[in-house]
Each structure stands twice: as structure tokens, then as C-alpha cells.
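Shown next: run_23.txt, given as compact mmCIF, C-alpha atoms.
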# COMPACT_ATOMS: atom_id res chain seq x y z
CA MET A 1 100.71 100.83 94.31
CA SER A 2 102.25 102.84 91.48
CA PRO A 3 104.35 105.86 92.55
CA ARG A 4 103.23 109.41 91.86
CA LEU A 5 104.83 110.69 88.67
CA ASP A 6 106.26 114.16 88.17
CA ILE A 7 105.56 116.17 85.02
CA LYS A 8 108.80 115.10 83.32
CA GLN A 9 108.03 111.44 83.86
CA ARG A 10 104.50 111.90 82.53
CA TRP A 11 105.83 113.45 79.34
CA ARG A 12 108.39 110.65 79.07
CA LEU A 13 105.61 108.05 79.15
CA LEU A 14 103.49 110.02 76.72
CA LEU A 15 106.22 110.45 74.10
CA GLY A 16 107.98 107.12 74.56
CA ARG A 17 111.54 106.37 73.52
CA SER A 18 111.47 109.10 70.92
CA ALA A 19 111.87 111.54 73.84
CA GLU A 20 115.05 109.94 75.22
CA GLY A 21 117.24 112.68 73.74
CA CYS A 22 115.67 115.46 75.83
CA LEU A 23 114.06 113.59 78.73
CA GLY A 24 116.56 110.79 79.18
CA GLU A 25 116.05 107.05 79.38
CA GLY A 26 113.37 105.71 81.61
CA GLU A 27 114.64 103.59 84.48
CA GLY A 28 113.13 101.10 86.87
CA HIS A 29 109.39 101.54 87.30
CA ILE A 30 109.21 104.16 84.54
CA ALA A 31 110.97 101.85 82.08
CA ALA A 32 108.50 99.06 82.87
CA MET A 33 105.52 101.38 82.41
CA ASP A 34 106.99 102.63 79.15
CA ALA A 35 107.41 99.07 77.86
CA ALA A 36 103.79 98.19 78.73
CA LEU A 37 102.48 101.28 76.92
CA GLU A 38 104.77 100.60 73.99
CA TRP A 39 103.47 97.05 73.65
CA LEU A 40 99.96 98.39 73.07
CA TYR A 41 100.27 101.78 71.40
CA ASP A 42 103.05 100.91 68.94
CA ARG A 43 100.23 99.17 67.03
CA ASP A 44 98.76 102.55 66.05
CA GLU A 45 99.46 102.97 62.33
CA ALA A 46 98.39 106.62 62.51
CA LEU A 47 101.44 107.38 64.61
CA ASP A 48 103.72 106.04 61.88
CA GLN A 49 101.98 108.22 59.32
CA ARG A 50 102.62 111.28 61.50
CA ASP A 51 106.20 110.14 62.19
CA ILE A 52 105.66 110.29 65.94
CA ALA A 53 105.54 106.57 66.67
CA ARG A 54 106.94 105.42 69.97
CA ARG A 55 110.32 103.91 69.10
CA GLY A 56 111.30 100.61 70.63
CA GLY A 57 113.92 98.05 69.82
CA ASP A 58 113.92 95.99 66.65
CA GLU A 59 113.28 92.73 68.45
CA PRO A 60 109.68 91.48 68.58
CA SER A 61 107.92 91.71 71.94
CA ALA A 62 107.82 88.43 73.83
CA LEU A 63 104.82 89.53 75.89
CA SER A 64 101.58 87.60 75.58
CA VAL A 65 98.25 89.24 76.36
CA PRO A 66 98.05 87.61 79.83
CA ASP A 67 101.63 88.75 80.56
CA TRP A 68 100.77 92.30 79.52
CA ILE A 69 97.64 92.33 81.69
CA ASP A 70 99.69 91.10 84.65
CA GLN A 71 102.16 93.93 84.08
CA ILE A 72 99.65 96.75 83.82
CA HIS A 73 97.89 95.56 86.97
CA GLU A 74 101.18 95.88 88.82
CA LEU A 75 102.25 99.18 87.26
CA PHE A 76 99.17 101.41 86.90
CA PRO A 77 96.23 102.65 88.99
CA LYS A 78 92.78 101.16 88.42
CA GLU A 79 91.41 103.93 86.17
CA THR A 80 94.45 103.66 83.89
CA ILE A 81 94.15 99.87 83.77
CA GLU A 82 90.54 100.14 82.62
CA ARG A 83 91.50 102.61 79.89
CA LEU A 84 94.35 100.41 78.65
CA GLU A 85 92.16 97.30 78.59
CA ARG A 86 89.41 99.20 76.77
CA ASP A 87 91.86 100.52 74.15
CA ALA A 88 93.29 97.03 73.68
CA VAL A 89 89.87 95.62 72.80
CA GLU A 90 88.05 98.51 71.16
CA THR A 91 90.88 100.38 69.40
CA PHE A 92 93.34 97.64 68.53
CA GLY A 93 91.00 94.67 68.30
CA LEU A 94 92.89 92.47 70.75
CA ALA A 95 90.00 90.09 71.32
CA GLU A 96 92.37 87.83 73.26
CA VAL A 97 91.91 90.16 76.23
CA VAL A 98 88.43 88.69 76.64
CA THR A 99 88.86 85.31 74.95
CA HIS A 100 91.94 84.04 76.80
CA PRO A 101 91.22 82.32 80.15
CA GLU A 102 94.31 83.69 81.91
CA ALA A 103 93.55 87.19 80.67
CA LEU A 104 89.94 87.00 81.86
CA GLU A 105 91.10 86.01 85.33
CA ARG A 106 93.04 89.29 85.57
CA VAL A 107 91.00 91.97 83.83
CA GLU A 108 89.08 94.54 85.86
CA PRO A 109 85.29 93.94 85.76
CA ASN A 110 83.79 97.04 84.15
CA PRO A 111 81.13 97.90 81.54
CA ASN A 112 83.70 98.38 78.75
CA LEU A 113 84.85 94.79 79.01
CA LEU A 114 81.29 93.57 79.39
CA ARG A 115 80.59 95.08 75.97
CA ALA A 116 83.68 93.37 74.57
CA ILE A 117 82.58 90.00 75.95
CA LEU A 118 79.13 90.31 74.41
CA ARG A 119 80.71 91.07 71.04
CA THR A 120 83.22 88.20 71.16
CA LYS A 121 81.53 85.44 73.19
CA HIS A 122 80.90 83.46 70.00
CA LEU A 123 84.72 83.06 69.75
CA MET A 124 85.05 81.52 73.20
CA ASN A 125 85.43 77.85 74.00
CA PRO A 126 83.40 76.49 76.96
CA ASP A 127 86.15 77.03 79.55
CA VAL A 128 86.71 80.62 78.49
CA LEU A 129 82.98 81.23 78.34
CA GLU A 130 82.65 80.18 81.98
CA ALA A 131 85.40 82.62 82.98
CA ALA A 132 83.67 85.34 80.96
CA ARG A 133 80.40 84.55 82.69
CA ARG A 134 82.01 85.25 86.08
CA LEU A 135 83.19 88.63 84.80
CA VAL A 136 79.73 89.42 83.42
CA ARG A 137 78.15 88.47 86.75
CA GLU A 138 80.31 90.95 88.66
CA VAL A 139 79.64 93.83 86.26
CA VAL A 140 75.91 93.07 86.28
CA ARG A 141 75.95 93.04 90.09
CA GLN A 142 77.55 96.49 90.14
CA LEU A 143 75.10 97.91 87.60
CA MET A 144 72.05 96.37 89.27
CA GLU A 145 73.07 97.68 92.67
CA LYS A 146 73.07 101.23 91.32
CA LEU A 147 69.96 100.93 89.17
CA ALA A 148 67.90 99.13 91.83
CA ARG A 149 68.27 102.12 94.14
CA GLU A 150 67.01 104.48 91.44
CA ILE A 151 64.05 102.25 90.59
CA ARG A 152 63.06 101.79 94.24
CA SER A 153 63.13 105.54 94.69
CA ALA A 154 60.99 106.06 91.57
CA PHE A 155 58.35 103.43 92.40
CA TYR A 156 58.07 103.57 96.16
CA GLY A 157 57.31 107.24 96.32
CA THR A 158 58.73 110.21 98.17
CA PRO A 159 58.52 111.16 101.87
CA SER A 160 55.25 112.78 102.85
CA ARG A 161 55.93 115.76 105.11
CA ARG A 162 52.30 115.76 106.32
CA ARG A 163 52.02 112.14 107.41
CA ARG A 164 53.95 110.27 110.08
CA SER A 165 54.87 106.60 110.06
CA PRO A 166 55.11 104.20 113.01
CA TYR A 167 57.64 102.11 111.09
CA PRO A 168 61.30 102.87 111.97
CA LEU A 169 62.99 102.93 108.56
CA ALA A 170 66.27 104.84 108.35
CA ARG A 171 65.51 106.25 104.89
CA ASN A 172 62.29 107.82 106.26
CA LEU A 173 63.88 109.50 109.32
CA ASP A 174 62.46 112.97 110.00
CA LEU A 175 65.70 114.38 111.35
CA PRO A 176 64.57 118.01 112.02
CA ARG A 177 61.58 116.90 114.11
CA THR A 178 63.60 114.17 115.83
CA LEU A 179 66.18 116.74 116.96
CA ARG A 180 63.55 119.30 117.96
CA GLU A 181 61.47 116.86 120.02
CA ASN A 182 64.50 115.46 121.84
CA LEU A 183 66.29 118.70 122.74
CA ARG A 184 65.23 118.29 126.37
CA HIS A 185 67.54 115.30 126.54
CA TRP A 186 70.65 117.36 125.77
CA ASP A 187 73.49 116.68 128.25
CA PRO A 188 75.62 119.87 128.42
CA GLU A 189 78.40 118.24 130.44
CA ARG A 190 78.96 115.41 127.98
CA ARG A 191 77.85 117.55 125.04
CA LYS A 192 75.64 114.78 123.77
CA LEU A 193 72.02 114.60 122.64
CA TYR A 194 70.16 111.47 123.67
CA LEU A 195 67.29 110.41 121.42
CA GLU A 196 64.39 109.06 123.40
CA LYS A 197 62.01 108.89 120.47
CA PRO A 198 62.82 109.17 116.75
CA PHE A 199 60.21 110.34 114.24
CA PHE A 200 59.66 109.04 110.73
CA PHE A 201 57.87 110.20 107.59
CA SER A 202 55.41 107.97 105.84
CA ARG A 203 55.72 107.55 102.09
CA VAL A 204 53.22 108.13 99.34
CA LYS A 205 53.30 104.81 97.54
CA ARG A 206 52.78 104.85 93.81
CA HIS A 207 50.03 102.59 92.48
CA THR A 208 51.56 99.98 90.21
CA ASP A 209 48.83 97.35 90.05
CA ARG A 210 48.05 95.52 86.85
CA TRP A 211 50.45 97.31 84.53
CA GLN A 212 52.21 95.48 81.70
CA ILE A 213 55.53 96.69 80.30
CA VAL A 214 57.08 95.36 77.09
CA LEU A 215 60.71 96.28 76.37
CA LEU A 216 61.69 95.78 72.71
CA VAL A 217 65.46 96.00 72.31
CA ASP A 218 67.31 96.36 69.03
CA GLN A 219 70.25 93.94 69.24
CA SER A 220 72.23 95.25 66.27
CA GLY A 221 75.93 95.62 67.05
CA SER A 222 75.73 99.38 67.63
CA MET A 223 73.10 98.93 70.35
CA VAL A 224 75.19 96.90 72.80
CA ASP A 225 74.90 99.48 75.60
CA SER A 226 71.14 99.49 75.23
CA VAL A 227 71.01 95.68 75.39
CA ILE A 228 73.02 95.70 78.61
CA HIS A 229 71.08 98.39 80.41
CA SER A 230 67.62 97.35 79.21
CA SER A 231 68.28 93.78 80.39
CA ILE A 232 69.22 95.04 83.84
CA THR A 233 66.31 97.48 83.89
CA ALA A 234 63.92 94.64 83.04
CA ALA A 235 65.36 92.52 85.87
CA CYS A 236 64.80 95.36 88.36
CA LEU A 237 61.25 96.05 87.12
CA TRP A 238 60.50 92.32 87.27
CA LYS A 239 60.80 92.39 91.06
CA LEU A 240 58.24 95.16 91.53
CA PRO A 241 54.80 94.06 92.79
CA GLY A 242 51.96 94.44 90.32
CA MET A 243 54.26 94.89 87.31
CA ARG A 244 54.43 92.36 84.50
CA THR A 245 57.57 92.85 82.43
CA HIS A 246 58.48 91.36 79.05
CA LEU A 247 61.83 91.64 77.27
CA VAL A 248 62.18 90.97 73.54
CA ALA A 249 65.41 91.32 71.54
CA PHE A 250 65.19 91.77 67.79
CA ASP A 251 67.04 92.36 64.53
CA THR A 252 65.34 90.95 61.41
CA SER A 253 64.11 88.12 63.63
CA LEU A 254 63.22 88.28 67.31
CA VAL A 255 63.58 86.28 70.49
CA ASP A 256 61.41 86.58 73.59
CA LEU A 257 63.78 86.63 76.58
CA THR A 258 61.13 87.10 79.26
CA ARG A 259 61.85 83.72 80.86
CA ASP A 260 65.39 84.89 81.61
CA VAL A 261 64.54 88.38 82.87
CA ASP A 262 65.14 87.39 86.50
CA ASP A 263 68.70 86.32 85.59
CA PRO A 264 70.29 89.14 83.56
CA VAL A 265 73.61 87.28 83.33
CA GLU A 266 72.05 84.35 81.47
CA LEU A 267 69.98 86.79 79.47
CA LEU A 268 73.00 88.75 78.25
CA MET A 269 74.93 85.61 77.40
CA LYS A 270 72.08 84.54 75.08
CA VAL A 271 71.89 87.81 73.15
CA GLN A 272 73.30 87.65 69.62
CA LEU A 273 74.49 91.06 68.48
CA GLY A 274 74.46 92.02 64.83
CA GLY A 275 72.23 91.60 61.79
CA GLY A 276 69.68 93.80 60.08
CA THR A 277 66.68 95.50 61.63
CA ASP A 278 62.92 94.98 61.35
CA ILE A 279 61.44 97.32 63.94
CA GLY A 280 57.90 96.97 62.66
CA LYS A 281 57.94 93.21 63.16
CA ALA A 282 59.12 93.67 66.75
CA VAL A 283 56.36 96.21 67.51
CA GLU A 284 53.77 93.86 66.00
CA TYR A 285 54.95 91.05 68.29
CA GLY A 286 55.03 93.37 71.31
CA ALA A 287 51.45 94.43 70.60
CA SER A 288 50.37 90.77 70.53
CA LEU A 289 51.55 90.36 74.14
CA LEU A 290 49.32 93.10 75.54
CA GLU A 291 46.38 91.88 77.62
CA VAL A 292 44.90 95.24 78.69
CA PRO A 293 46.21 97.77 76.13
CA ALA A 294 45.03 100.81 78.10
CA ARG A 295 47.20 99.75 81.07
CA SER A 296 50.26 98.82 79.05
CA ILE A 297 53.54 100.47 78.10
CA LEU A 298 55.57 99.49 75.06
CA VAL A 299 59.19 100.72 75.19
CA LEU A 300 61.03 100.57 71.87
CA ILE A 301 64.81 100.82 72.27
CA THR A 302 66.50 101.33 68.91
CA ASP A 303 68.49 103.69 66.73
CA PHE A 304 65.40 103.97 64.47
CA TYR A 305 67.23 102.79 61.35
CA GLU A 306 64.53 100.55 59.90
CA GLY A 307 65.69 97.89 57.45
CA VAL A 308 62.33 97.50 55.72
CA HIS A 309 59.45 99.83 54.76
CA VAL A 310 58.65 102.26 57.57
CA GLN A 311 54.93 102.79 56.97
CA PRO A 312 53.82 99.51 58.62
CA LEU A 313 55.78 100.53 61.72
CA VAL A 314 54.21 103.99 61.83
CA SER A 315 50.73 102.49 61.37
CA ARG A 316 51.26 99.98 64.18
CA VAL A 317 52.39 102.70 66.58
CA ALA A 318 49.34 104.81 65.70
CA ALA A 319 47.08 101.79 66.30
CA LEU A 320 48.65 101.17 69.72
CA ARG A 321 48.11 104.77 70.73
CA GLY A 322 44.55 104.56 69.48
CA GLN A 323 43.79 101.74 71.91
CA GLY A 324 45.36 103.61 74.82
CA THR A 325 48.80 101.98 74.99
CA LEU A 326 51.69 104.25 75.94
CA VAL A 327 54.55 104.01 73.43
CA LEU A 328 58.04 105.27 74.27
CA GLY A 329 60.87 105.25 71.74
CA LEU A 330 64.33 105.38 73.28
CA ALA A 331 67.20 106.49 71.09
CA ALA A 332 69.73 105.44 73.69
CA LEU A 333 69.73 103.61 76.97
CA ASP A 334 73.35 103.77 78.10
CA GLU A 335 74.45 105.53 81.27
CA ASN A 336 75.52 108.64 79.34
CA ALA A 337 72.36 108.86 77.19
CA GLU A 338 74.24 110.08 74.14
CA PRO A 339 71.79 109.46 71.27
CA GLN A 340 72.72 108.53 67.72
CA TYR A 341 69.53 107.82 65.80
CA ASN A 342 67.45 108.37 62.68
CA ARG A 343 65.64 111.59 63.55
CA GLU A 344 63.37 111.46 60.51
CA LEU A 345 61.76 108.16 61.51
CA ALA A 346 61.67 109.20 65.16
CA GLN A 347 59.73 112.32 64.18
CA ARG A 348 57.22 110.25 62.22
CA LEU A 349 56.62 108.06 65.28
CA VAL A 350 56.09 111.18 67.41
CA GLU A 351 53.49 112.35 64.91
CA ALA A 352 51.83 108.91 65.27
CA GLY A 353 51.52 109.47 69.02
CA ALA A 354 54.70 108.01 70.51
CA GLU A 355 57.02 109.80 72.89
CA VAL A 356 60.67 109.70 71.81
CA GLY A 357 63.73 110.65 73.81
CA ALA A 358 67.06 109.58 75.24
CA MET A 359 67.08 108.36 78.83
CA THR A 360 69.38 106.63 81.25
CA PRO A 361 67.96 103.50 82.93
CA GLY A 362 67.14 105.54 86.03
CA GLU A 363 65.31 108.17 84.00
CA LEU A 364 63.36 105.42 82.21
CA ALA A 365 62.26 104.03 85.59
CA CYS A 366 61.07 107.49 86.68
CA TRP A 367 59.17 107.92 83.40
CA ILE A 368 57.41 104.57 83.81
CA ALA A 369 56.64 105.29 87.49
CA GLU A 370 55.10 108.62 86.54
CA LYS A 371 52.89 107.01 83.90
CA VAL A 372 51.64 104.12 86.03
CA GLY A 373 51.20 106.41 89.02
CA GLY A 374 48.76 108.53 87.06
The structure given in the file should be rewritten as C-alpha cells.
Amino acid sequence: MSPRLDIKQRWRLLLGRSAEGCLGEGEGHIAAMDAALEWLYDRDEALDQRDIARRGGDEPSALSVPDWIDQIHELFPKETIERLERDAVETFGLAEVVTHPEALERVEPNPNLLRAILRTKHLMNPDVLEAARRLVREVVRQLMEKLAREIRSAFYGTPSRRRRSPYPLARNLDLPRTLRENLRHWDPERRKLYLEKPFFFSRVKRHTDRWQIVLLVDQSGSMVDSVIHSSITAACLWKLPGMRTHLVAFDTSLVDLTRDVDDPVELLMKVQLGGGTDIGKAVEYGASLLEVPARSILVLITDFYEGVHVQPLVSRVAALRGQGTLVLGLAALDENAEPQYNRELAQRLVEAGAEVGAMTPGELACWIAEKVGG
């Protein structure tokens, strides 16, 4: 575990060797941390332009990417490691962090590196790709664990305070009534309350029969977060009774990924990020999948930058609404829901009858549950 740093040591690491004159030379653990930071951040050309570059020796660094990853895992806490690995890939373009087998064995599984893998998997040889797949599997497991709870909560209803249940489920425990009804079993000498009979709420289950959901996901490079979270959302929805879920990724062409929805790891490894955008073509294909339009939801996940004429898209959305299909346009589907999208086209789709917004995966699940619950 890395030692706690005082304020002087923090400034020393921030400023690098250029601060030796006033803060002294780093020694021991501090010197090692400084060298690891220097290896990465000395690549920043902007620092040279501002004449505040971290100054190291003239000799080239002998560290390889795997060596550097080993070092930062020994020197820094987990949150710092994740930031350093993210900067290495996203800021300095060190694709070797996610394309080198030894590096992949060491990196912390987290969504930032999952994005990097999806962007660089075409550079990986089969052995590296298998190591990357293991990393993807762990990140997907973490994300699904969180999202599955939100989706279960959205679709399986809320506790009914008026109805009691004979089924002893911990999440339905009526604690106030349980305590009140068992007060006669209080033991004052031992200061313990013995529960003879617990009480449970029933739940108002949402009706989800015979609904069809089509997720259309823009797979242009800027939409990588949406691809990740929509794939995992589709996998969670797939397991709900009475719901039929489709997942289609598109740019100027499209690929129906529904067969892989139950395995989001395989699904993500098949996605090809990049290319132009033909949203209208994707909506047309999504409409062709609908069996009962009035009990269907089409979710369009895109930045709304259409690469072809927009009028066919607007007309298709209007036609879907005319036949009773719910159309939702999502400007973002990452966990922070920070939208960057073409507001002009989004407004035209709203005027055609669609709903447009920015939602996290959990919020999307609640929206769908509300619509199918009537």
C-alpha cells in the first residue's frame, strides 16, 4: 500500500524535477512515483510550450509499457492507477496498454479501459484478444450487476403498503409492523427482541406481457459509451418475462446483434466502431421487425448527426407514431448522461411525435417500465 503523502510531497510529484531547487530531490518511494509520472506526462507537448515540462535526465527511459504498469500498481492507490491508465490510452495514445498481453494481465478492469479495448481490438492478435476478452468480461460483470438491480426494481414493482405477502423475501420485509407485532417478545434482561413472526409486503407487479423493444445503437466512434451501456441494458431486458428485445448496431450499414444479446461480452467484441451514419436506414429496419406496432417501443440511441437527407428519417418516425409505436431518441446512454447531439434534428423528431432525452441505463429501464405498465 502506498504511504500517505504530505503536502510538500504532493507538490513535488505535481511539479516534477523542476521543483528540486525549492522542494529537494525525491527519495525512495517518492522518487519511484516521480519516475513513473515522468514516464507518462513528459510526453505532453503542451508542457514544453509553456516551459513547465517535468525535467528528467537526458537518457531515454528503459521502461516498457508492462514495466510501467507493474510500477504504478505497486506505487499508487487504485483510483490513481485508473486515472494513469486512462490518460495513457486516451490522452497519449499508448494503445500498447490494451494491446500488449503482459499489460492486459495487469491493468485494472474498469469502463475506461473497456472503451479503449473496443477502439483498438482490431489491432490485437488472437492471444491478446483473448486476454482483452477476459478484461471485458469482468467490466461487463460489474456493470450488469449494478444495472440488473435497477431494472429489477423498475419492472417488478414497488412494495404495496396495503397488501401483505405470505412469501418471506428480505427485500419485502415490513420492518415497522414486524417490530410492533413482536414487542411482546422483548427480553429486558438480555435487552433483545425475539421475532416470532415477521411480516412482508406484497408487490404490485408491472404487466410486461407481449411487448417488443428494439434498440437501435449508433456505433460511430463517438458513441462508444452508448454501445457499451445499451448492450448491457439489452442483456438485462432480455431476461425479463414477456419482453422481446432486439439490438441493432448501425453506421451507414447495420448489423442485427439480437442473437448475441444474452452474451454482452461476445456482442461488444463484434461491434465495429467508426464510419458514417444513416439513421433513417436503421429506423426503417427497426420498423420492419415490429409484429404488433401498438405494443412496441423503438429506442434510437444516437448523436442525431445524420449523414444523409433527414426528411426520410422524420417521415419514418411520424409513421411509427401514427401506428401507435412509442419512439424514444436517446442523445446519450452513458452513466453520466452528458449529451452531445444535434439539437435541430432532435427537435424535428420531437415534432414528429418522438420523445427525446438523455438517460442513464437505469433511467431508460424505468421509462420502458412506465410505458409497458400503462
Discussion item. One number please: atom CA of Ala131 of chain A to atom CA of Pro101 of chain A, in Å, one decimal.
Written reply: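 Distance reported for this atom pair: 6.5 Å.
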Worksheet item: For the atom pair atom CA of Lys192 of chain A and atom CA of Thr178 of chain A, what is the interatomic distance in Å to one decimal place?
Response: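 Taking atom CA of Lys192 of chain A and atom CA of Thr178 of chain A, their separation equals 14.4 Å.
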Worksheet item: Using all atoms listed in the file, which residue out of A:Ala369, A:Ala116, A:Val107, A:Val261 lies closest to Ile232 of chain A?
Response: A:Val261
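Among the candidates A:Leu298, A:Ile228, A:Ala352, A:Leu289, the residue lying nearest to Lys270 of chain A is A:Ile228 (atoms considered: only C-alpha atoms).
Of the residues under consideration (A:Ile301, A:Val271, A:Leu326, A:Asp260), A:Val271 shows the shortest atom-to-atom contact distance to His122 of chain A when counting only C-alpha atoms.
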Worksheet item: Excluding same-chain residues fewer than 2 positions from Leu183 of chain A, what lies within 12 Å of it counting all atoms listed in the file, as a list in words?
Response: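 Here the qualifying residues turn out to be Pro176, Arg177, Thr178, Leu179, Arg180, Glu181, His185, Trp186, Asp187, Pro188, Arg191, Lys192, Leu193, Tyr194, Leu195, Glu196, Lys197 and Pro198 of chain A.
The smallest atom-to-atom distance between Leu345 of chain A and any of A:Pro109, A:Gly322, A:Gly93, A:Gly329, using all atoms listed in the file, is found for A:Gly329.
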Cut-off 9 Å: closest segment 178-248 of chain A/segment 151-154 of chain A atom pairs per residue, using all atoms listed in the file, as JSON lines:
{"residue": "A:Arg206", "atom": "CA", "partner": "A:Ala154", "partner_atom": "CA", "distance": 8.6}
{"residue": "A:Thr233", "atom": "CA", "partner": "A:Ile151", "partner_atom": "CA", "distance": 8.5}
{"residue": "A:Cys236", "atom": "CA", "partner": "A:Ile151", "partner_atom": "CA", "distance": 7.3}
{"residue": "A:Leu237", "atom": "CA", "partner": "A:Ile151", "partner_atom": "CA", "distance": 7.6}
{"residue": "A:Leu240", "atom": "CA", "partner": "A:Arg152", "partner_atom": "CA", "distance": 8.6}
Fill in: Using all atoms listed in the file: which of A:Arg134, A:Arg295, A:Arg141, A:Arg83 has the shortest distance to Ile368 of chain A
A:Arg295
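In this model, the gap between atom CA of Lys121 of chain A and atom CA of Thr99 of chain A comes to 7.5 Å.
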Worksheet item: How would you write as number ranges by chain the residues that get within 12 Å of (91.0, 86.9, 82.2) in the file's frame, counting all atoms listed in the file?
Response: A: 65-70, 85, 95-109, 113, 117, 127-136
Worksheet entry | Shortest interatomic distance to Glu138 of chain A - which of A:Pro264, A:Arg43, A:Ala282, A:Phe92, counting only C-alpha atoms |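 That would be A:Pro264, the residue with the smallest distance to Glu138 of chain A.
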